[in-house]
$ cat my_file10.txt   # compact mmCIF, C-alpha atoms
# COMPACT_ATOMS: atom_id res chain seq x y z
CA PRO M 5 -33.28 -14.93 36.11
CA GLU M 6 -29.67 -15.57 36.98
CA LEU M 7 -27.15 -15.72 34.15
CA ASP M 8 -26.02 -19.31 34.60
CA ASP M 9 -25.92 -22.59 32.70
CA GLU M 10 -29.60 -23.21 33.44
CA PHE M 11 -30.53 -19.90 31.84
CA ALA M 12 -28.37 -20.70 28.80
CA ARG M 13 -30.10 -24.07 28.32
CA ALA M 14 -33.59 -22.62 28.77
CA ALA M 15 -33.23 -19.53 26.60
CA THR M 16 -30.71 -20.57 23.94
CA GLU M 17 -29.37 -23.53 22.02
CA PHE M 18 -26.29 -23.72 24.26
CA ASP M 19 -25.72 -25.96 27.27
CA THR M 20 -23.50 -23.61 29.26
CA LEU M 21 -23.20 -19.89 29.86
CA GLU M 22 -19.59 -20.05 28.72
CA GLU M 23 -20.66 -21.41 25.32
CA LEU M 24 -23.28 -18.66 25.03
CA ARG M 25 -20.75 -15.94 25.83
CA ALA M 26 -18.25 -17.40 23.36
CA ASP M 27 -20.90 -17.35 20.63
CA LEU M 28 -21.83 -13.74 21.41
CA ASP M 29 -18.16 -12.73 21.31
CA ARG M 30 -17.72 -14.46 17.95
CA ARG M 31 -20.75 -12.74 16.45
CA LEU M 32 -19.66 -9.33 17.69
CA ARG M 33 -16.19 -9.84 16.22
CA GLU M 34 -17.67 -10.88 12.87
CA GLU M 35 -19.98 -7.85 12.80
CA LEU M 36 -17.10 -5.51 13.66
CA GLU M 37 -14.87 -7.06 11.00
CA ALA M 38 -17.64 -6.73 8.41
CA GLU M 39 -18.17 -3.06 9.31
CA LEU M 40 -14.45 -2.33 9.15
CA ASP M 41 -14.13 -4.12 5.81
CA ALA M 42 -17.06 -2.19 4.34
CA GLN M 43 -15.57 1.11 5.57
CA PHE M 44 -12.17 0.15 4.20
CA ARG M 45 -13.62 -0.55 0.76
CA GLU M 46 -15.58 2.71 0.76
CA ASN M 47 -12.48 4.67 1.73
CA ALA M 48 -10.47 2.97 -0.99
CA VAL M 49 -12.85 3.88 -3.80
CA ASP M 50 -13.46 7.39 -2.40
CA ALA M 51 -9.71 8.05 -2.49
CA LEU M 52 -9.66 6.89 -6.10
CA VAL M 53 -12.52 9.28 -6.89
CA GLU M 54 -10.58 12.15 -5.30
CA ALA M 55 -7.46 11.23 -7.26
CA SER M 56 -9.32 11.13 -10.58
CA THR M 57 -9.98 14.05 -12.90
CA VAL M 58 -13.42 12.93 -14.01
CA GLU M 59 -16.13 15.59 -13.99
CA LEU M 60 -19.53 14.28 -12.95
CA PRO M 61 -22.41 15.22 -15.28
CA ALA M 62 -24.68 17.56 -13.31
CA GLU M 63 -27.84 16.10 -14.84
CA ILE M 64 -26.94 12.60 -13.65
CA VAL M 65 -26.18 13.81 -10.13
CA ASP M 66 -29.43 15.80 -10.06
CA ARG M 67 -31.40 12.77 -11.24
CA ARG M 68 -29.81 10.57 -8.57
CA ALA M 69 -30.52 13.20 -5.90
CA ALA M 70 -34.16 13.30 -7.00
CA GLU M 71 -34.31 9.50 -6.69
CA LEU M 72 -32.91 9.73 -3.16
CA TRP M 73 -35.49 12.38 -2.26
CA THR M 74 -38.31 10.23 -3.65
CA GLY M 75 -37.02 7.20 -1.78
CA MET M 76 -36.82 9.14 1.47
CA ALA M 77 -40.34 10.50 1.00
CA ARG M 78 -41.70 7.00 0.37
CA SER M 79 -39.92 5.65 3.44
CA LEU M 80 -41.38 8.43 5.59
CA ASP M 81 -44.84 7.94 4.10
CA ALA M 82 -44.71 4.22 4.91
CA ARG M 83 -44.26 5.21 8.56
CA GLY M 84 -47.07 7.74 8.39
CA ILE M 85 -44.78 10.78 8.40
CA SER M 86 -45.02 13.54 5.82
CA THR M 87 -41.91 15.30 4.53
CA GLU M 88 -43.18 18.52 6.12
CA THR M 89 -43.44 16.81 9.51
CA TYR M 90 -39.97 15.31 9.07
CA LEU M 91 -38.48 18.73 8.32
CA THR M 92 -40.19 20.20 11.38
CA MET M 93 -39.06 17.34 13.64
CA THR M 94 -35.44 17.54 12.48
CA GLY M 95 -35.31 21.33 12.36
CA GLN M 96 -34.10 21.32 8.77
CA ALA M 97 -35.10 23.37 5.77
CA SER M 98 -35.95 21.53 2.58
CA GLU M 99 -32.95 23.21 0.92
CA GLU M 100 -30.63 21.67 3.52
CA VAL M 101 -31.98 18.18 2.89
CA VAL M 102 -31.73 18.63 -0.87
CA GLU M 103 -28.12 19.79 -0.51
CA ARG M 104 -27.26 16.78 1.66
CA LEU M 105 -28.93 14.36 -0.74
CA ARG M 106 -27.15 15.94 -3.68
CA ALA M 107 -23.81 15.44 -1.91
CA GLU M 108 -24.71 11.79 -1.33
CA ALA M 109 -25.75 11.47 -4.97
CA ALA M 110 -22.49 13.00 -6.19
CA ARG M 111 -20.51 10.60 -4.02
CA ALA M 112 -22.46 7.59 -5.31
CA VAL M 113 -22.22 8.64 -8.96
CA GLY M 114 -18.51 9.36 -8.57
CA ARG M 115 -17.92 5.88 -7.20
CA GLU M 116 -19.85 4.29 -10.05
CA VAL M 117 -18.05 6.30 -12.74
CA VAL M 118 -14.62 5.45 -11.35
CA LEU M 119 -15.45 1.77 -10.85
CA GLU M 120 -16.84 1.57 -14.40
CA ALA M 121 -13.56 3.04 -15.65
CA VAL M 122 -11.55 0.53 -13.61
CA ALA M 123 -13.68 -2.33 -14.95
CA ASP M 124 -13.15 -1.11 -18.52
CA GLN M 125 -9.41 -0.68 -18.00
CA LEU M 126 -9.00 -4.18 -16.54
CA GLY M 127 -11.45 -5.82 -18.93
CA LEU M 128 -13.68 -7.12 -16.14
CA GLU M 129 -16.82 -8.96 -17.20
CA VAL M 130 -19.54 -11.08 -15.59
CA GLY M 131 -20.52 -14.07 -17.70
CA ASP M 132 -23.95 -15.71 -17.84
CA GLU M 133 -22.82 -18.77 -15.87
CA GLU M 134 -21.26 -16.65 -13.12
CA LEU M 135 -24.34 -14.45 -12.93
CA GLU M 136 -26.77 -17.36 -12.76
CA ALA M 137 -24.65 -19.13 -10.13
CA PHE M 138 -24.76 -16.00 -7.98
CA VAL M 139 -28.53 -15.65 -8.32
CA ARG M 140 -29.10 -19.31 -7.48
CA GLU M 141 -26.85 -19.07 -4.44
CA GLN M 142 -28.67 -16.00 -3.16
CA ALA M 143 -32.05 -17.63 -3.79
CA ALA M 144 -31.02 -20.76 -1.89
CA GLN M 145 -29.86 -18.68 1.07
CA ALA M 146 -33.22 -16.88 1.08
CA GLU M 147 -34.99 -20.26 0.86
CA GLU M 148 -36.53 -19.32 -2.48
CA ASP M 149 -36.86 -21.48 -5.58
CA PRO M 150 -33.72 -20.81 -7.69
CA ASP M 151 -35.45 -21.51 -11.02
CA GLU M 152 -38.32 -19.15 -10.21
CA THR M 153 -35.91 -16.46 -9.04
CA VAL M 154 -33.83 -16.68 -12.22
CA GLY M 155 -36.95 -16.55 -14.38
CA ARG M 156 -38.42 -13.63 -12.47
CA MET M 157 -35.23 -11.59 -12.74
CA ARG M 158 -34.93 -12.24 -16.46
CA GLU M 159 -38.57 -11.34 -17.02
CA HIS M 160 -38.51 -8.06 -15.10
CA GLY M 161 -35.23 -6.72 -16.47
CA ALA M 162 -33.24 -7.12 -13.26
CA TRP M 163 -30.82 -9.59 -14.87
CA GLU M 164 -28.65 -7.07 -16.69
CA ARG M 165 -28.78 -4.58 -13.81
CA LEU M 166 -27.40 -7.26 -11.53
CA ARG M 167 -24.70 -8.06 -14.09
CA GLY M 168 -23.64 -4.41 -13.96
CA ASP M 169 -23.66 -4.40 -10.16
CA LEU M 170 -21.47 -7.50 -9.99
CA ARG M 171 -19.08 -5.98 -12.52
CA LEU M 172 -18.68 -2.93 -10.29
CA ARG M 173 -18.17 -5.22 -7.30
CA LYS M 174 -15.33 -6.91 -9.15
CA ALA M 175 -13.80 -3.51 -9.84
CA LEU M 176 -14.13 -2.59 -6.17
CA ASP M 177 -12.38 -5.85 -5.23
CA GLU M 178 -9.48 -4.84 -7.48
CA VAL M 179 -9.33 -1.34 -6.01
CA ALA M 180 -9.46 -2.61 -2.42
CA GLY M 181 -6.81 -5.19 -3.27
CA GLY M 182 -4.51 -2.42 -4.46
CA VAL M 183 -4.27 -0.62 -1.13
CA LYS M 184 -2.56 -1.52 2.11
CA ARG M 185 -4.47 -2.18 5.32
CA ILE M 186 -3.09 -0.88 8.60
CA PRO M 187 -3.96 -1.78 12.22
CA VAL M 188 -7.18 -0.25 13.54
CA ASP M 189 -5.45 1.59 16.40
CA LEU M 190 -3.00 3.17 13.97
CA ALA M 191 -5.84 3.92 11.58
CA ALA M 192 -7.75 5.71 14.33
CA ALA M 193 -4.68 7.76 15.17
CA ARG M 194 -4.38 8.79 11.53
CA GLU M 195 -8.16 9.11 11.11
CA LYS M 196 -7.90 6.70 8.20
CA LEU M 197 -8.49 2.99 7.71
CA TRP M 198 -5.92 2.52 4.96
CA THR M 199 -2.88 3.98 3.21
CA PRO M 200 -2.26 4.00 -0.54
CA GLU M 201 0.01 1.23 -1.76
CA LYS M 202 2.95 2.99 -3.37
CA GLU M 203 4.58 0.00 -4.99
CA LYS M 204 3.30 -2.45 -7.54
CA GLN M 205 1.34 -5.37 -6.16
CA ALA M 206 2.57 -8.91 -6.57
CA SER M 207 0.25 -9.18 -9.56
CA GLY M 208 1.99 -6.22 -11.16
CA MET M 209 -1.17 -4.11 -11.05
CA ASN M 210 -0.91 -0.35 -10.63
CA ILE M 211 -3.72 1.74 -9.21
CA TRP M 212 -4.98 3.56 -12.29
CA THR M 213 -7.23 6.58 -12.13
CA PRO M 214 -9.52 7.96 -14.85
CA GLY M 215 -7.96 11.02 -16.43
CA SER M 216 -4.42 9.89 -15.69
CA GLU M 217 -1.72 10.11 -18.34
CA GLU M 218 -1.97 6.35 -18.84
CA ALA M 219 -5.69 6.65 -19.48
CA ARG M 220 -5.22 9.37 -22.08
CA THR M 221 -2.78 7.22 -24.03
CA GLN M 222 -5.14 4.22 -24.20

$ encode --input "my_file10.txt" --output "structure tokens"
Amino acid sequence: PELDDEFARAATEFDTLEELRADLDRRLREELEAELDAQFRENAVDALVEASTVELPAEIVDRRAAELWTGMARSLDARGISTETYLTMTGQASEEVVERLRAEAARAVGREVVLEAVADQLGLEVGDEELEAFVREQAAQAEEDPDETVGRMREHGAWERLRGDLRLRKALDEVAGGVKRIPVDLAAAREKLWTPEKEKQASGMNIWTPGSEEARTQ
């Protein structure tokens, strides 16, 4: 079929091809902005991890790596693929996969440790009302019953885990708010998406890192 207004009316909710194209452009821009924002936030916390002097407990990293391996194996099994077949298909040795997963685990644990330290330093908390409001909002968006969702999460122990996750998200917001964004073209040239903010923010907040002199004097 020709890409014209008739096609737009027949195949979509729009009356004209121009409206359809405008909607596609808007969605692509939103997806790109979301991807860039997520990458920016990851880079911000990773830089804070690198700047910190915290040593990651090997047993915690090993446990997280084992969880990643188990999750990968379950995902493969759900698609009818054994880990042996996966290794053969990808041309990898099991030791290589374990090493890669351990690196991912170390990165994840490092982020959590640093964000926990930031949350402690700034006194960030997630109250019951805030937590319940978040759960109800998410349930409504998923077209689920908010009361049932709240009850289910409380019953199965997910309530406090979510509280911890939201606390880390608050810490990440603070970290991301303490760095300076630069244009994407300049970021690509520098192979970075951000630069550290050298001066105090308007709020007077300094970027603090675990193990810094300030931390040791607390």

$ closest_residue --input "my_file10.txt" --among "M:Ala82, M:Val154, M:Leu72, M:Ala123" --to "Val101 of chain M" --atoms "only C-alpha atoms"
M:Leu72

$ residues_around --input "my_file10.txt" --residues "segment 124-129 of chain M" --least-positions-apart "5" --cutoff "8 Å" --atoms "only C-alpha atoms" --output "PDB file with C-alpha atoms, in the coordinates of the input"
ATOM      1  CA  ARG M 171     -19.080  -5.980 -12.520  1.00  0.00           C
ATOM      2  CA  LYS M 174     -15.330  -6.910  -9.150  1.00  0.00           C
ATOM      3  CA  ALA M 175     -13.800  -3.510  -9.840  1.00  0.00           C
TER       4      ALA M 175
END

$ closest_residue --input "my_file10.txt" --among "M:Leu21, M:Leu119, M:Val113, M:Ala144" --to "Leu170 of chain M" --atoms "only C-alpha atoms"
M:Leu119

$ atom_distance --input "my_file10.txt" --atom1 "atom CA of Ala112 of chain M" --atom2 "atom CA of Arg68 of chain M"
8.6 Å

$ residues_around --input "my_file10.txt" --residues "Ala180 of chain M" --least-positions-apart "2" --cutoff "8 Å" --atoms "all atoms listed in the file" --output "compact mmCIF listing (two decimals) with C-alpha atoms, in the coordinates of the input"
# COMPACT_ATOMS: atom_id res chain seq x y z
CA PHE M 44 -12.17 0.15 4.20
CA ARG M 45 -13.62 -0.55 0.76
CA ALA M 48 -10.47 2.97 -0.99
CA VAL M 49 -12.85 3.88 -3.80
CA LEU M 176 -14.13 -2.59 -6.17
CA ASP M 177 -12.38 -5.85 -5.23
CA GLU M 178 -9.48 -4.84 -7.48
CA GLY M 182 -4.51 -2.42 -4.46
CA VAL M 183 -4.27 -0.62 -1.13
